[in-house]
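Colleague: First the structure, which I've put down as structure tokens, then a few questions once you've had a look.
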Amino acid sequence: MTSASAVWHPFTQHAVQPEAIPIAKGEGAWLETADGRRIFDAISSWWVVTHGHRHPRIVQAIRDQVDRLDQVIFAGFTHEPAEKLARQLIAMTPPGLEYVFFSDSGSTSVEVALKMALGFWRNRGEPRSRILALEGAYHGDTIGGMSVGERGVFNAPYDPLLFDVERIPFPAEGREQATLDAITTACRNAGVAALIVEPLILGAGGMLIYPPWVLAEMKRICEGHGVLFIADEVMTGWGRTGTRFACEQADVTPDIACYSKGLTGGSLPLAVTLCRADIFEAHYSTDRSKTFFHSSSFTANPIACAAACANLAIWQNEPVMERIAAVARAQARGLDRFREDRRFANARQIGTIAALDITTEDAGYLAGIGPRLYNDFLERGLLVRPLGNTIYLMPPYCSTPHELDRVFDAISEIVDGIG
Ligand SMILES: *Cc1c(COP(=O)(O)O)cnc(C)c1O
């Protein structure tokens, strides 16, 4: 032990990584360290902060709610922030999603989605339990989330506990039909409950993008075989891909949808799983064994719900789409610098997310280059956390073109230094 801290950090190898940096303040797209250094938050504090840190409307909503109700059991009781949030979510998400189940994180919203799917089939007297999932997917770090996610170094120790899923190849450019054919073949087998996908972009799997028509076809195939279609919009939701939700670009209404990260503007932990009416109705019965048996202690915490309502008000009353378009333009300009640059490959973008790979032999998540890049960015006052040799930016929507230009300058300088 070299550190006085008792904290065990997430996704952190304490033996080799530098000590965690104390952050004292956040404002807009910036973090401030305890000793007064400013750091530009180019990854929105792990993809959650959409409008910027401490958006005044969200801060005020949290303050107001704390003065009224902090927490209440959500079985047998309800409260206005949750009711209002649910009504508004139904109104703003793709038409056909009619019920809202609350939880606390992206991972739990995925667990809820999987349980809803299995409960739906069982309660209808047609038990189906096989899940289809994309290669390279990330759906969280709980056992169910890991099971439907890509297997690898992250979950090797837990592999014996993970349940089997059927892997569908990622729809890489030029190989989309193979993906669709694999879904069709898989859906023909008995017992398939659902397909779960990250719509339009695999996040933790390397920021890999696929087009809306493929997403639309995936849904169409599932529908044709009566297989439930689960959209994990935990990362893509709330404007990240240039539309409020990624599914909008494919004109797809999923049967079940998960939202979390940007739901409260990134201020407090909260998640929702939305579903079609017939999934709720399959659990609606005088037979109490058909109840949806899921809860967490803080289901629909009133303060978190109030923060989420404030996020929705921001979407309704502020030019969020314009800010997103401005960030997207700046990202496109930044990436353009590297399109012909042999040091990089696969410059790609969807909405506010920009990514490019460093051409190196040293690839993969555990690539030595990742931590080195991370430290080089930090030295320049930039929070950028490469996924292996993939550098990506996912900044808050209040980021200015100038701030983003600086990050792209830094990418060039840093990779020069490595080359
Ligand atoms: C981050 C993420 C999750 C897990 O969310 P947590 O809040 O970290 O549990 C699930 N799915 C996707 C697509 C994500 O990006």
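Scheme for the structure tokens: letters A, B, ... for chains in order shown; per-chain residue numbers from 1; ligand numbers from 1 in order shown.
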With a distance cut-off of 6 Å and only C-alpha atoms, select the neighbouring residues of A:Ser109, excluding the residue or stretch itself and same-chain residues fewer than 3 positions from it, and output the selection as a list in words.
Modeller: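 Here the answer would be Gly106, Val112, Cys258, Ala271, Val272 and Thr273 of chain A.
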Colleague: May I have the residues from that selection written out with all heavy atoms, as an mmCIF file, in the first residue's frame?
Modeller:
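Wrote it out as out10.cif, contents follow:
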```cif
data_model
loop_
_atom_site.group_PDB
_atom_site.id
_atom_site.type_symbol
_atom_site.label_atom_id
_atom_site.label_comp_id
_atom_site.auth_asym_id
_atom_site.auth_seq_id
_atom_site.Cartn_x
_atom_site.Cartn_y
_atom_site.Cartn_z
ATOM 1 N N GLY A 106 -27.296 2.432 -15.286
ATOM 2 C CA GLY A 106 -27.456 1.811 -16.593
ATOM 3 C C GLY A 106 -27.509 0.289 -16.472
ATOM 4 O O GLY A 106 -28.352 -0.370 -17.090
ATOM 5 N N VAL A 112 -33.232 -4.947 -15.538
ATOM 6 C CA VAL A 112 -34.691 -4.810 -15.536
ATOM 7 C C VAL A 112 -35.253 -5.181 -16.908
ATOM 8 O O VAL A 112 -36.243 -5.911 -17.016
ATOM 9 C CB VAL A 112 -35.093 -3.373 -15.140
ATOM 10 C CG1 VAL A 112 -36.559 -3.088 -15.484
ATOM 11 C CG2 VAL A 112 -34.841 -3.138 -13.648
ATOM 12 N N CYS A 258 -33.731 1.291 -22.485
ATOM 13 C CA CYS A 258 -33.026 1.649 -21.244
ATOM 14 C C CYS A 258 -32.378 3.021 -21.411
ATOM 15 O O CYS A 258 -31.667 3.246 -22.393
ATOM 16 C CB CYS A 258 -31.917 0.655 -20.957
ATOM 17 S SG CYS A 258 -32.441 -1.067 -20.974
ATOM 18 N N ALA A 271 -32.020 5.721 -13.453
ATOM 19 C CA ALA A 271 -32.203 5.031 -14.730
ATOM 20 C C ALA A 271 -33.667 4.683 -14.891
ATOM 21 O O ALA A 271 -34.418 4.604 -13.908
ATOM 22 C CB ALA A 271 -31.360 3.759 -14.769
ATOM 23 N N VAL A 272 -34.070 4.522 -16.130
ATOM 24 C CA VAL A 272 -35.435 4.062 -16.405
ATOM 25 C C VAL A 272 -35.387 2.981 -17.482
ATOM 26 O O VAL A 272 -34.528 3.005 -18.356
ATOM 27 C CB VAL A 272 -36.349 5.206 -16.899
ATOM 28 C CG1 VAL A 272 -36.719 6.138 -15.756
ATOM 29 C CG2 VAL A 272 -35.728 5.984 -18.044
ATOM 30 N N THR A 273 -36.326 2.057 -17.367
ATOM 31 C CA THR A 273 -36.556 1.076 -18.423
ATOM 32 C C THR A 273 -37.991 1.274 -18.875
ATOM 33 O O THR A 273 -38.917 1.157 -18.073
ATOM 34 C CB THR A 273 -36.349 -0.360 -17.895
ATOM 35 O OG1 THR A 273 -35.058 -0.432 -17.270
ATOM 36 C CG2 THR A 273 -36.441 -1.377 -19.019
#
```
Colleague: Compile the contact shell of A:His139 as a list in words: residues with an atom at most 8 Å away, counting only C-alpha atoms, same-chain residues fewer than 2 positions apart removed.
Modeller: Gly106, Ser107, Val110, Ala137, Asp141, Gly145, Met146, Val148, Gly149 and Asp232 of chain A
Colleague: Using only C-alpha atoms, determine which residues lie at most 10 Å from stretch 171-187 of chain A, disregarding the query and same-chain residues fewer than 3 positions distant; provide the list as a PyMOL selection string.
Modeller: chain A and resi 130-135+166-168+190-195+200+208-211+213-215+217-219+221-227
Colleague: Produce a file of the selected residues containing C-alpha atoms, as a PDB file, in the first residue's frame.
Modeller:
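Output file part-v8.pdb is given in full below:
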```pdb
ATOM      1  CA  ARG A 130     -32.466 -17.076 -24.857  1.00  0.00           C
ATOM      2  CA  ILE A 131     -31.002 -13.636 -25.445  1.00  0.00           C
ATOM      3  CA  LEU A 132     -29.297 -12.456 -28.612  1.00  0.00           C
ATOM      4  CA  ALA A 133     -26.586  -9.811 -28.280  1.00  0.00           C
ATOM      5  CA  LEU A 134     -24.027  -8.105 -30.484  1.00  0.00           C
ATOM      6  CA  GLU A 135     -20.352  -8.995 -30.515  1.00  0.00           C
ATOM      7  CA  GLU A 166     -26.189 -16.055 -28.765  1.00  0.00           C
ATOM      8  CA  ARG A 167     -23.642 -13.678 -30.348  1.00  0.00           C
ATOM      9  CA  ILE A 168     -24.580 -11.751 -33.442  1.00  0.00           C
ATOM     10  CA  ALA A 190     -37.351 -21.742 -30.422  1.00  0.00           C
ATOM     11  CA  GLY A 191     -36.893 -20.069 -27.087  1.00  0.00           C
ATOM     12  CA  VAL A 192     -35.436 -16.717 -28.171  1.00  0.00           C
ATOM     13  CA  ALA A 193     -36.792 -14.049 -25.822  1.00  0.00           C
ATOM     14  CA  ALA A 194     -35.080 -10.882 -27.005  1.00  0.00           C
ATOM     15  CA  LEU A 195     -32.305  -9.170 -28.932  1.00  0.00           C
ATOM     16  CA  LEU A 200     -26.038   2.949 -33.814  1.00  0.00           C
ATOM     17  CA  LEU A 208     -17.952   1.401 -33.426  1.00  0.00           C
ATOM     18  CA  ILE A 209     -20.712   2.927 -35.525  1.00  0.00           C
ATOM     19  CA  TYR A 210     -23.306   1.272 -37.756  1.00  0.00           C
ATOM     20  CA  PRO A 211     -26.010   2.887 -39.865  1.00  0.00           C
ATOM     21  CA  TRP A 213     -30.964   1.248 -41.789  1.00  0.00           C
ATOM     22  CA  VAL A 214     -29.284  -1.731 -40.099  1.00  0.00           C
ATOM     23  CA  LEU A 215     -30.933  -0.846 -36.803  1.00  0.00           C
ATOM     24  CA  GLU A 217     -33.756  -4.007 -40.218  1.00  0.00           C
ATOM     25  CA  MET A 218     -32.755  -5.601 -36.901  1.00  0.00           C
ATOM     26  CA  LYS A 219     -36.019  -4.419 -35.396  1.00  0.00           C
ATOM     27  CA  ILE A 221     -36.540  -9.066 -38.272  1.00  0.00           C
ATOM     28  CA  CYS A 222     -37.231  -9.360 -34.546  1.00  0.00           C
ATOM     29  CA  GLU A 223     -40.780  -8.160 -35.035  1.00  0.00           C
ATOM     30  CA  GLY A 224     -41.338 -10.716 -37.782  1.00  0.00           C
ATOM     31  CA  HIS A 225     -40.339 -13.510 -35.403  1.00  0.00           C
ATOM     32  CA  GLY A 226     -42.039 -12.141 -32.297  1.00  0.00           C
ATOM     33  CA  VAL A 227     -38.663 -11.597 -30.608  1.00  0.00           C
TER      34      VAL A 227
END
```
Colleague: From the DSSP assignment of the backbone, select every residue of stretch 39-231 of chain A that is strand (DSSP E or B), and format the answer as a VMD selection string.
Modeller: chain A and resid 39 to 41 53 97 to 103 130 to 134 166 to 168 192 to 197 201 to 202 208 to 209 228 to 231
Colleague: Restricting the calculation to only C-alpha atoms, which member of A:Pro157, A:Pro395, A:Pro199, A:Gly26 is positioned closest to A:Arg323?
Modeller: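 Counting only C-alpha atoms, the residue closest to A:Arg323 is A:Pro395.
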